[in-house]
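This is protein-v5.tsv (TSV, C-alpha atoms and all ligand atoms).
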```
chain	number	residue	atom	x	y	z
A	1	MET	CA	0.00	0.00	0.00
A	2	ASN	CA	1.47	3.36	-0.97
A	3	LYS	CA	1.37	6.51	1.08
A	4	THR	CA	-1.62	8.09	-0.70
A	5	GLU	CA	-3.83	4.96	-0.30
A	6	SER	CA	-3.02	4.67	3.37
A	7	HIS	CA	-3.97	8.32	3.83
A	8	ILE	CA	-7.43	7.68	2.23
A	9	THR	CA	-8.12	4.55	4.38
A	10	ASP	CA	-7.14	6.37	7.55
A	11	THR	CA	-9.42	9.34	7.09
A	12	MET	CA	-12.50	7.97	5.21
A	13	PRO	CA	-15.53	6.68	7.26
A	14	SER	CA	-16.60	3.08	6.45
A	15	LYS	CA	-19.03	2.55	3.55
A	16	ASP	CA	-21.93	1.87	6.00
A	17	GLU	CA	-21.15	5.05	7.88
A	18	ARG	CA	-20.95	6.98	4.63
A	19	HIS	CA	-24.38	5.67	3.56
A	20	LYS	CA	-25.84	6.70	6.98
A	21	LEU	CA	-24.17	10.09	6.56
A	22	PHE	CA	-26.07	10.50	3.28
A	23	GLY	CA	-29.46	9.43	4.68
A	24	SER	CA	-29.64	5.60	4.68
A	25	VAL	CA	-31.71	4.19	7.59
A	26	PRO	CA	-32.11	0.62	9.00
A	27	PRO	CA	-34.97	-1.52	7.54
A	28	GLY	CA	-38.38	-0.94	9.18
A	29	PRO	CA	-40.78	-3.70	10.37
A	30	LYS	CA	-41.87	-5.92	7.44
A	31	THR	CA	-45.24	-7.66	7.47
A	32	LYS	CA	-45.91	-8.64	3.85
A	33	PRO	CA	-45.21	-12.20	2.64
A	34	VAL	CA	-41.86	-13.02	1.09
A	35	GLU	CA	-42.89	-16.40	-0.39
A	36	LYS	CA	-44.10	-16.09	-4.00
A	37	ASP	CA	-47.19	-18.29	-3.49
A	38	GLN	CA	-48.36	-16.10	-0.60
A	39	MET	CA	-47.91	-12.78	-2.44
A	40	ALA	CA	-50.84	-10.86	-3.90
A	41	ASP	CA	-51.07	-11.39	-7.67
A	42	LEU	CA	-52.80	-8.22	-8.80
A	43	GLN	CA	-52.11	-8.71	-12.51
A	44	ASN	CA	-54.05	-11.98	-12.40
A	45	SER	CA	-57.17	-10.39	-10.85
A	46	ARG	CA	-60.38	-11.24	-12.73
A	47	GLN	CA	-63.13	-8.62	-12.96
A	48	ASP	CA	-64.70	-6.43	-15.59
A	49	PHE	CA	-61.92	-3.90	-16.18
A	50	LEU	CA	-64.01	-1.92	-18.71
A	51	PHE	CA	-61.92	-2.18	-21.89
A	52	ASP	CA	-60.01	-4.75	-23.91
A	53	LEU	CA	-56.41	-3.73	-24.58
A	54	ASP	CA	-54.99	-4.11	-28.09
A	55	VAL	CA	-51.41	-4.08	-26.88
A	56	VAL	CA	-49.75	-4.69	-23.55
A	57	GLY	CA	-46.12	-5.59	-23.16
A	58	ILE	CA	-42.59	-4.28	-22.96
A	59	ASN	CA	-40.30	-2.54	-25.41
A	60	ASN	CA	-36.79	-1.15	-25.64
A	61	VAL	CA	-35.39	-4.48	-24.42
A	62	LYS	CA	-31.71	-4.60	-25.43
A	63	HIS	CA	-30.19	-8.05	-25.82
A	64	PRO	CA	-27.23	-9.61	-27.63
A	65	ILE	CA	-28.36	-11.62	-30.64
A	66	THR	CA	-26.85	-13.69	-33.44
A	67	ILE	CA	-27.97	-13.16	-37.03
A	68	GLU	CA	-27.10	-14.72	-40.40
A	69	SER	CA	-26.17	-12.70	-43.47
A	70	SER	CA	-25.59	-13.43	-47.15
A	71	MET	CA	-22.93	-10.71	-47.11
A	72	LYS	CA	-19.74	-10.92	-45.04
A	73	PRO	CA	-19.63	-11.41	-42.06
A	74	SER	CA	-21.98	-14.32	-42.64
A	75	THR	CA	-22.66	-14.93	-38.94
A	76	GLN	CA	-22.59	-11.93	-36.66
A	77	THR	CA	-23.47	-10.95	-33.14
A	78	THR	CA	-25.24	-7.64	-32.78
A	79	ILE	CA	-27.58	-5.86	-30.36
A	80	GLY	CA	-31.30	-6.56	-30.71
A	81	THR	CA	-33.86	-4.08	-29.42
A	82	PHE	CA	-37.03	-6.06	-28.73
A	83	THR	CA	-40.70	-5.24	-28.35
A	84	PHE	CA	-43.00	-7.95	-27.00
A	85	SER	CA	-46.74	-7.68	-26.53
A	86	SER	CA	-50.11	-9.36	-26.72
A	87	SER	CA	-53.67	-8.20	-26.40
A	88	ILE	CA	-55.59	-8.62	-23.16
A	89	ALA	CA	-59.30	-8.94	-22.56
A	90	LYS	CA	-61.16	-6.64	-20.17
A	91	GLY	CA	-61.72	-9.57	-17.81
A	92	SER	CA	-57.99	-9.61	-16.87
A	93	LYS	CA	-56.25	-6.81	-15.01
A	94	GLY	CA	-52.76	-7.24	-16.42
A	95	THR	CA	-50.26	-9.36	-18.26
A	96	ASN	CA	-47.34	-11.26	-16.72
A	97	MET	CA	-44.51	-9.05	-17.85
A	98	SER	CA	-41.68	-11.14	-16.46
A	99	ARG	CA	-42.58	-13.91	-18.90
A	100	PHE	CA	-41.38	-11.90	-21.93
A	101	THR	CA	-37.80	-11.55	-20.72
A	102	GLU	CA	-37.94	-15.00	-19.10
A	103	GLN	CA	-38.58	-16.52	-22.53
A	104	LEU	CA	-35.94	-14.33	-24.20
A	105	THR	CA	-33.32	-15.50	-21.71
A	106	SER	CA	-34.31	-19.12	-22.16
A	107	TYR	CA	-33.99	-18.82	-25.98
A	108	TYR	CA	-30.63	-17.04	-25.61
A	109	GLU	CA	-29.30	-19.79	-23.37
A	110	GLN	CA	-30.23	-22.38	-25.97
A	111	GLY	CA	-28.30	-20.51	-28.71
A	112	PHE	CA	-30.94	-18.26	-30.27
A	113	THR	CA	-30.21	-17.18	-33.87
A	114	VAL	CA	-32.72	-14.50	-34.86
A	115	THR	CA	-34.44	-15.52	-38.10
A	116	ILE	CA	-38.01	-15.19	-39.32
A	117	GLU	CA	-38.55	-18.85	-38.53
A	118	SER	CA	-37.17	-18.66	-34.97
A	119	LEU	CA	-39.23	-15.53	-34.26
A	120	LYS	CA	-42.38	-17.28	-35.51
A	121	GLN	CA	-41.72	-20.09	-33.04
A	122	PHE	CA	-40.96	-17.50	-30.33
A	123	ALA	CA	-44.24	-15.64	-30.91
A	124	GLU	CA	-46.43	-18.72	-30.83
A	125	GLU	CA	-44.69	-20.07	-27.72
A	126	LEU	CA	-44.97	-16.65	-26.05
A	127	ALA	CA	-48.74	-16.61	-26.58
A	128	GLY	CA	-48.91	-20.01	-24.86
A	129	ARG	CA	-46.72	-18.84	-21.98
A	130	LEU	CA	-48.96	-15.77	-21.51
A	131	LYS	CA	-52.12	-17.90	-21.90
A	132	ARG	CA	-53.24	-15.59	-24.73
A	133	GLU	CA	-54.38	-16.24	-28.26
A	134	ASP	CA	-52.04	-13.72	-29.87
A	135	ALA	CA	-48.52	-12.37	-29.50
A	136	PHE	CA	-46.31	-9.80	-31.20
A	137	ILE	CA	-42.53	-9.63	-31.33
A	138	LYS	CA	-40.35	-7.11	-33.09
A	139	VAL	CA	-36.58	-6.98	-33.08
A	140	GLU	CA	-34.57	-4.08	-34.47
A	141	PHE	CA	-30.83	-4.49	-34.94
A	142	PRO	CA	-27.80	-3.02	-36.69
A	143	TRP	CA	-26.79	-5.33	-39.54
A	144	PHE	CA	-23.16	-5.15	-40.64
A	145	PHE	CA	-21.88	-5.81	-44.15
A	146	GLU	CA	-18.47	-5.61	-45.74
A	147	ARG	CA	-18.07	-3.01	-48.46
A	148	GLU	CA	-15.11	-2.57	-50.82
A	149	GLY	CA	-13.91	0.61	-52.49
A	150	PRO	CA	-14.91	0.52	-56.20
A	151	SER	CA	-11.31	0.80	-57.53
A	152	SER	CA	-8.96	-0.17	-54.69
A	153	CYS	CA	-11.25	-2.99	-53.47
A	154	LEU	CA	-10.15	-2.09	-49.93
A	155	ALA	CA	-12.79	-3.41	-47.56
A	156	GLY	CA	-14.36	-1.92	-44.46
A	157	MET	CA	-17.54	-2.40	-42.46
A	158	ASN	CA	-20.83	-0.59	-43.18
A	159	HIS	CA	-24.11	-1.12	-41.41
A	160	ALA	CA	-27.84	-0.61	-41.90
A	161	ASP	CA	-30.70	-0.75	-39.39
A	162	ALA	CA	-32.92	-3.77	-39.92
A	163	PHE	CA	-36.06	-5.11	-38.26
A	164	ILE	CA	-38.25	-8.21	-38.27
A	165	SER	CA	-41.72	-8.23	-36.76
A	166	VAL	CA	-43.96	-11.24	-36.30
A	167	THR	CA	-47.60	-11.12	-35.28
A	168	TRP	CA	-49.22	-14.43	-34.43
A	169	SER	CA	-52.87	-15.02	-33.65
A	170	LYS	CA	-54.76	-18.26	-33.24
A	171	ALA	CA	-57.44	-16.92	-35.57
A	172	GLY	CA	-55.25	-15.37	-38.27
A	173	GLY	CA	-51.90	-17.20	-38.16
A	174	PHE	CA	-48.70	-15.29	-38.90
A	175	ASP	CA	-48.15	-11.82	-40.32
A	176	ILE	CA	-44.50	-11.06	-41.08
A	177	GLN	CA	-42.90	-7.70	-41.79
A	178	THR	CA	-39.25	-6.93	-42.30
A	179	GLY	CA	-37.51	-3.67	-43.03
A	180	LEU	CA	-34.27	-1.84	-43.47
A	181	THR	CA	-32.96	1.71	-43.29
A	182	GLY	CA	-29.82	2.18	-45.36
A	183	LYS	CA	-27.76	5.26	-46.10
A	184	ILE	CA	-26.93	6.48	-49.60
A	185	THR	CA	-25.55	9.55	-51.42
A	186	THR	CA	-27.82	11.70	-53.57
A	187	LEU	CA	-26.74	14.56	-55.82
A	188	CYS	CA	-29.31	17.28	-56.46
A	189	PRO	CA	-30.56	17.27	-60.10
A	190	CYS	CA	-31.74	20.88	-59.82
A	191	SER	CA	-28.40	22.11	-58.53
A	192	LYS	CA	-26.58	20.25	-61.33
A	193	GLU	CA	-28.92	21.70	-63.96
A	194	ILE	CA	-28.73	25.34	-62.97
A	195	SER	CA	-25.12	25.67	-61.84
A	196	GLU	CA	-22.07	26.41	-63.98
A	197	TYR	CA	-20.05	24.05	-61.81
A	198	SER	CA	-20.64	21.31	-59.25
A	199	ALA	CA	-23.88	20.29	-57.54
A	200	HIS	CA	-24.71	19.99	-53.88
A	201	ASN	CA	-25.32	16.55	-52.49
A	202	GLN	CA	-26.73	14.92	-49.37
A	203	ARG	CA	-26.69	11.78	-47.28
A	204	GLY	CA	-30.04	10.04	-47.76
A	205	ASN	CA	-31.72	7.60	-45.38
A	206	VAL	CA	-33.87	5.15	-47.29
A	207	SER	CA	-36.35	3.23	-45.12
A	208	MET	CA	-38.24	0.24	-46.45
A	209	ALA	CA	-40.84	-1.94	-44.68
A	210	ILE	CA	-42.15	-4.96	-46.55
A	211	THR	CA	-44.83	-7.59	-46.07
A	212	LEU	CA	-43.53	-10.96	-47.22
A	213	THR	CA	-45.46	-13.53	-49.22
A	214	GLU	CA	-46.45	-16.67	-47.31
A	215	ASP	CA	-44.05	-18.86	-49.34
A	216	PHE	CA	-40.99	-16.67	-48.68
A	217	ASN	CA	-37.98	-18.88	-47.90
A	218	GLU	CA	-35.23	-17.10	-45.96
A	219	ASP	CA	-32.82	-19.98	-46.65
A	220	MET	CA	-32.93	-19.15	-50.38
A	221	VAL	CA	-32.71	-15.36	-50.27
A	222	ASP	CA	-31.53	-12.78	-47.76
A	223	TRP	CA	-34.19	-10.05	-47.65
A	224	LYS	CA	-31.65	-7.66	-46.04
A	225	GLU	CA	-29.38	-7.78	-49.08
A	226	VAL	CA	-32.33	-7.36	-51.46
A	227	LEU	CA	-33.53	-4.23	-49.63
A	228	LEU	CA	-30.03	-2.79	-49.37
A	229	GLU	CA	-29.54	-3.30	-53.11
A	230	ALA	CA	-32.90	-1.62	-53.84
A	231	ALA	CA	-31.75	1.47	-51.94
A	232	GLU	CA	-28.14	1.61	-53.10
A	233	SER	CA	-28.52	0.64	-56.75
A	234	ASN	CA	-30.99	3.50	-57.28
A	235	ALA	CA	-28.94	6.13	-55.46
A	236	SER	CA	-26.53	8.66	-56.96
A	237	ALA	CA	-23.75	6.71	-55.24
A	238	ARG	CA	-23.15	4.16	-52.50
A	239	ILE	CA	-21.53	4.94	-49.17
A	240	HIS	CA	-18.11	3.46	-48.41
A	241	PRO	CA	-16.07	3.06	-45.24
A	242	VAL	CA	-12.67	3.18	-47.05
A	243	LEU	CA	-12.01	5.29	-50.16
A	244	LYS	CA	-8.60	5.96	-51.75
A	245	ARG	CA	-8.31	8.76	-54.36
A	246	PRO	CA	-9.14	6.56	-57.39
A	247	ASP	CA	-12.23	5.33	-55.46
A	248	GLU	CA	-13.21	8.85	-54.50
A	249	LYS	CA	-12.96	10.01	-58.13
A	250	MET	CA	-15.22	7.13	-59.24
A	251	VAL	CA	-17.82	7.76	-56.53
A	252	THR	CA	-17.86	11.51	-57.20
A	253	GLU	CA	-18.29	11.07	-60.95
A	254	GLN	CA	-20.89	8.35	-60.52
A	255	ALA	CA	-22.97	10.66	-58.32
A	256	TYR	CA	-22.73	13.47	-60.93
A	257	GLU	CA	-23.86	11.05	-63.65
A	258	ASN	CA	-26.86	9.87	-61.55
A	259	PRO	CA	-28.55	12.88	-59.94
A	260	ARG	CA	-31.60	12.11	-57.73
A	261	PHE	CA	-34.28	14.10	-55.96
A	262	VAL	CA	-35.69	12.62	-52.75
A	263	GLU	CA	-38.88	11.87	-54.75
A	264	ASP	CA	-36.86	10.04	-57.43
A	265	MET	CA	-35.31	7.82	-54.76
A	266	VAL	CA	-38.66	6.73	-53.33
A	267	ARG	CA	-40.17	6.00	-56.74
A	268	LEU	CA	-37.13	4.10	-58.03
A	269	VAL	CA	-36.85	1.97	-54.88
A	270	ALA	CA	-40.62	1.31	-55.05
A	271	ALA	CA	-40.21	0.07	-58.65
A	272	ASP	CA	-37.59	-2.46	-57.53
A	273	LEU	CA	-39.77	-3.68	-54.65
A	274	TYR	CA	-42.74	-3.88	-57.03
A	275	GLU	CA	-40.71	-6.24	-59.19
A	276	THR	CA	-39.52	-8.38	-56.26
A	277	PRO	CA	-41.70	-11.51	-56.25
A	278	PHE	CA	-41.58	-12.29	-52.50
A	279	ILE	CA	-43.01	-8.88	-51.50
A	280	HIS	CA	-46.80	-8.42	-51.13
A	281	ALA	CA	-46.80	-4.82	-49.93
A	282	PHE	CA	-44.24	-2.15	-49.13
A	283	GLU	CA	-43.63	1.27	-47.62
A	284	VAL	CA	-40.68	3.34	-48.80
A	285	SER	CA	-39.48	6.64	-47.45
A	286	CYS	CA	-36.39	8.72	-47.93
A	287	ARG	CA	-35.01	11.46	-45.71
A	288	ASN	CA	-32.20	13.49	-47.17
A	289	GLU	CA	-29.89	15.36	-44.82
A	290	GLU	CA	-29.48	18.48	-46.91
A	291	SER	CA	-26.01	19.99	-47.17
A	292	ILE	CA	-27.24	23.46	-48.16
A	293	HIS	CA	-30.01	23.60	-45.51
A	294	LEU	CA	-30.35	22.83	-41.82
A	295	HIS	CA	-33.56	20.93	-42.54
A	296	ASP	CA	-34.05	17.53	-44.18
A	297	ALA	CA	-36.06	16.70	-47.32
A	298	LEU	CA	-38.47	13.75	-47.26
A	299	ALA	CA	-40.81	11.70	-49.41
A	300	SER	CA	-42.67	8.42	-48.89
A	301	LEU	CA	-45.22	6.05	-50.39
A	302	ARG	CA	-47.10	2.84	-49.54
A	303	PHE	CA	-48.19	0.22	-52.02
A	304	ASP	CA	-50.01	-3.10	-51.67
A	305	LYS	CA	-49.71	-5.27	-54.78
A	306	ARG	CA	-52.83	-7.20	-53.75
A	307	THR	CA	-55.13	-4.16	-53.81
A	308	ASP	CA	-53.48	-1.03	-55.26
A	309	GLU	CA	-53.17	-0.06	-58.90
A	310	ARG	CA	-50.37	1.99	-60.41
B	401	LIG	N1	-48.97	-6.18	-15.66
B	401	LIG	C1	-48.05	-5.25	-15.30
B	401	LIG	N2	-46.88	-5.68	-14.78
B	401	LIG	C2	-45.93	-4.74	-14.48
B	401	LIG	C3	-46.17	-3.36	-14.68
B	401	LIG	N3	-45.06	-2.69	-14.26
B	401	LIG	C4	-44.17	-3.63	-13.88
B	401	LIG	N4	-44.69	-4.87	-13.99
B	401	LIG	C5	-43.98	-6.16	-13.89
B	401	LIG	O1	-44.56	-7.15	-13.13
B	401	LIG	C6	-43.68	-8.24	-13.21
B	401	LIG	C7	-43.95	-9.24	-12.14
B	401	LIG	O2	-45.19	-9.81	-12.48
B	401	LIG	P1	-45.38	-11.24	-13.14
B	401	LIG	O3	-44.61	-11.33	-14.38
B	401	LIG	O4	-46.85	-11.46	-13.26
B	401	LIG	O5	-44.69	-12.11	-12.03
B	401	LIG	P2	-45.18	-13.47	-11.39
B	401	LIG	O6	-46.66	-13.45	-11.14
B	401	LIG	O7	-44.29	-13.70	-10.23
B	401	LIG	O8	-44.82	-14.45	-12.58
B	401	LIG	P3	-45.54	-15.79	-13.04
B	401	LIG	O9	-45.17	-16.82	-12.03
B	401	LIG	O10	-44.96	-16.05	-14.41
B	401	LIG	O11	-47.02	-15.50	-13.10
B	401	LIG	C8	-42.30	-7.63	-13.18
B	401	LIG	O12	-41.61	-8.08	-14.33
B	401	LIG	C9	-42.61	-6.13	-13.35
B	401	LIG	O13	-41.74	-5.58	-14.31
B	401	LIG	C10	-47.41	-2.94	-15.21
B	401	LIG	O14	-47.67	-1.74	-15.43
B	401	LIG	N5	-48.31	-3.92	-15.50
```
I need this file expressed as structure tokens, please.
Amino acid sequence: MNKTESHITDTMPSKDERHKLFGSVPPGPKTKPVEKDQMADLQNSRQDFLFDLDVVGINNVKHPITIESSMKPSTQTTIGTFTFSSSIAKGSKGTNMSRFTEQLTSYYEQGFTVTIESLKQFAEELAGRLKREDAFIKVEFPWFFEREGPSSCLAGMNHADAFISVTWSKAGGFDIQTGLTGKITTLCPCSKEISEYSAHNQRGNVSMAITLTEDFNEDMVDWKEVLLEAAESNASARIHPVLKRPDEKMVTEQAYENPRFVEDMVRLVAADLYETPFIHAFEVSCRNEESIHLHDALASLRFDKRTDER
């Protein structure tokens, strides 16, 4: 022990004394049961509680997860942000909220890889655990993918924000949605047209949410890569983690050759999703972080191939 440490130990009150100094008091008399089976179970009270609830549950649950990807790295651990819920009839006071995280932990301990299939199983099992006839689970996560510079082929890691949501009901079966928000470069067509030189550009955020067809097979196609390609292949240019000068020249010229308004982005991405056979319905939006304004530009559309006409 050096001189400074010994000085601190000599003069500092003990931790208990310090807590008392700052207001901690001894426990008071305790009369309520400590055994679980003797505790009141308010959430399981049965009465007419006036209204059915569409949704009751928990959200913003952060948990490590494993996902698969068709792009490198093919297996990755990332952070999932979960929402779990079910409906509840007016005859029940509340849900059993501990059961959501209890099931998540149990899946994690058994080596949970988040896929559409595993989430379907999770949702149905959750409904059983809650003694309900429906359950909803959504997981949002950063998805990482390797990206090379167009000339140097030097690789680095990019990411996009993905989600999968599964609704299960005894009456209606499964409803699956997935989605992705990816970043792209857009170069302003108006600025290019009117200016003697140059054109301003922006970083665009393209968000897509899709409803999958019932026969969609995630072992055959990675929906994340399809959505990323829909956003990036229609942009003025892609975004890269590592660019040397020959890469930078290519990306700059490519953007100048492919100017896009925020509206153009949404319509072009929508056209790709329209042509994708495993998508029933989609929502596309784009938010461009403008470089010549403090505000952002945005556009969006929804389309359901089963009902809407172009
Ligand atoms: N229903 C309900 N529960 C809440 C609320 N706020 C907190 N809780 C949770 O209540 C949970 C404990 O209740 P239950 O999950 O029913 O616990 P339990 O009855 O011991 O569990 P089971 O044996 O599975 O029935 C804790 O996870 C708390 O987070 C709320 O607003 N409504």
Using all atoms listed in the file, I'd like a table of the residues in region 150-173 of chain A that come within 8 Å of region 113-128 of chain A; for each, show the closest atom pair and its distance in Å rounded to one decimal, ordered by chain and ascending number, as CSV.
```
residue,atom,partner,partner_atom,distance
A:Ile164,CA,A:Ile116,CA,7.1
A:Val166,CA,A:Lys120,CA,6.3
A:Thr167,CA,A:Ala123,CA,7.1
A:Trp168,CA,A:Ala123,CA,6.2
A:Ser169,CA,A:Glu124,CA,7.9
```
List the neighbours of region 87-89 of chain A out to 7 Å using all atoms listed in the file; skip same-chain residues closer than 4 positions along the sequence, and give me the result as an mmCIF file with C-alpha atoms, keeping the file's coordinate frame.
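After the write, selection10.cif holds the following:
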```cif
data_model
loop_
_atom_site.group_PDB
_atom_site.id
_atom_site.type_symbol
_atom_site.label_atom_id
_atom_site.label_comp_id
_atom_site.auth_asym_id
_atom_site.auth_seq_id
_atom_site.Cartn_x
_atom_site.Cartn_y
_atom_site.Cartn_z
ATOM 1 C CA ASP A 52 -60.010 -4.750 -23.910
ATOM 2 C CA LEU A 53 -56.410 -3.730 -24.580
ATOM 3 C CA ASP A 54 -54.990 -4.110 -28.090
ATOM 4 C CA VAL A 55 -51.410 -4.080 -26.880
ATOM 5 C CA VAL A 56 -49.750 -4.690 -23.550
ATOM 6 C CA ASP A 134 -52.040 -13.720 -29.870
#
```
Problem set entry | Proximity to Phe216 (chain A) - best of A:Ala270, A:Ile176, A:Met71, A:Leu21, all atoms listed in the file | A:Ile176
For this session: Take atom N1 of ligand LIG 401 (chain B) and CA of Ala171 (chain A) and report the distance between them in Å, one decimal.
Result: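 Answer for the atom N1 of ligand LIG 401 (chain B) to CA of Ala171 (chain A) separation: 24.2 Å.
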Please, which residues in chain A fall within 10 Å of ligand LIG 401 (chain B) when counting only C-alpha atoms and all ligand atoms, and what is the closest atom pair and distance in Å to one decimal for each, ordered by chain then residue number, as a Markdown table?
```
| residue | atom | partner | partner_atom | distance |
| --- | --- | --- | --- | --- |
| A:Lys36 | CA | B:LIG401 | O7 | 6.7 |
| A:Asp37 | CA | B:LIG401 | O7 | 8.7 |
| A:Met39 | CA | B:LIG401 | O7 | 8.6 |
| A:Ala40 | CA | B:LIG401 | O6 | 8.8 |
| A:Asp41 | CA | B:LIG401 | O6 | 6.0 |
| A:Leu42 | CA | B:LIG401 | O4 | 8.1 |
| A:Gln43 | CA | B:LIG401 | N1 | 5.1 |
| A:Asn44 | CA | B:LIG401 | O4 | 7.3 |
| A:Val56 | CA | B:LIG401 | N1 | 8.1 |
| A:Gly57 | CA | B:LIG401 | N1 | 8.0 |
| A:Ile58 | CA | B:LIG401 | O13 | 8.8 |
| A:Ser92 | CA | B:LIG401 | N1 | 9.7 |
| A:Lys93 | CA | B:LIG401 | N1 | 7.3 |
| A:Gly94 | CA | B:LIG401 | N1 | 4.0 |
| A:Thr95 | CA | B:LIG401 | N1 | 4.3 |
| A:Asn96 | CA | B:LIG401 | O4 | 3.5 |
| A:Met97 | CA | B:LIG401 | O3 | 4.2 |
| A:Ser98 | CA | B:LIG401 | O3 | 3.6 |
| A:Arg99 | CA | B:LIG401 | O10 | 5.5 |
| A:Phe100 | CA | B:LIG401 | O3 | 8.2 |
| A:Thr101 | CA | B:LIG401 | O12 | 8.2 |
| A:Glu102 | CA | B:LIG401 | O10 | 8.5 |
| A:Arg129 | CA | B:LIG401 | O10 | 8.3 |
| A:Leu130 | CA | B:LIG401 | O10 | 8.2 |
```
Can you spit out the residues from that selection as a short mmCIF file (atom, residue, chain, number, x, y, z; two decimals), keeping the file's coordinate frame, using C-alpha atoms?
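Result file follows (selection.cif):
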```cif
data_model
loop_
_atom_site.label_atom_id
_atom_site.label_comp_id
_atom_site.auth_asym_id
_atom_site.auth_seq_id
_atom_site.Cartn_x
_atom_site.Cartn_y
_atom_site.Cartn_z
CA LYS A 36 -44.10 -16.09 -4.00
CA ASP A 37 -47.19 -18.29 -3.49
CA MET A 39 -47.91 -12.78 -2.44
CA ALA A 40 -50.84 -10.86 -3.90
CA ASP A 41 -51.07 -11.39 -7.67
CA LEU A 42 -52.80 -8.22 -8.80
CA GLN A 43 -52.11 -8.71 -12.51
CA ASN A 44 -54.05 -11.98 -12.40
CA VAL A 56 -49.75 -4.69 -23.55
CA GLY A 57 -46.12 -5.59 -23.16
CA ILE A 58 -42.59 -4.28 -22.96
CA SER A 92 -57.99 -9.61 -16.87
CA LYS A 93 -56.25 -6.81 -15.01
CA GLY A 94 -52.76 -7.24 -16.42
CA THR A 95 -50.26 -9.36 -18.26
CA ASN A 96 -47.34 -11.26 -16.72
CA MET A 97 -44.51 -9.05 -17.85
CA SER A 98 -41.68 -11.14 -16.46
CA ARG A 99 -42.58 -13.91 -18.90
CA PHE A 100 -41.38 -11.90 -21.93
CA THR A 101 -37.80 -11.55 -20.72
CA GLU A 102 -37.94 -15.00 -19.10
CA ARG A 129 -46.72 -18.84 -21.98
CA LEU A 130 -48.96 -15.77 -21.51
#
```
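Nearest-residue note for Ala237 (chain A): choosing from A:Glu290, A:Glu225, A:Glu257, A:Glu17, the minimum distance belongs to A:Glu257, counting all atoms listed in the file.
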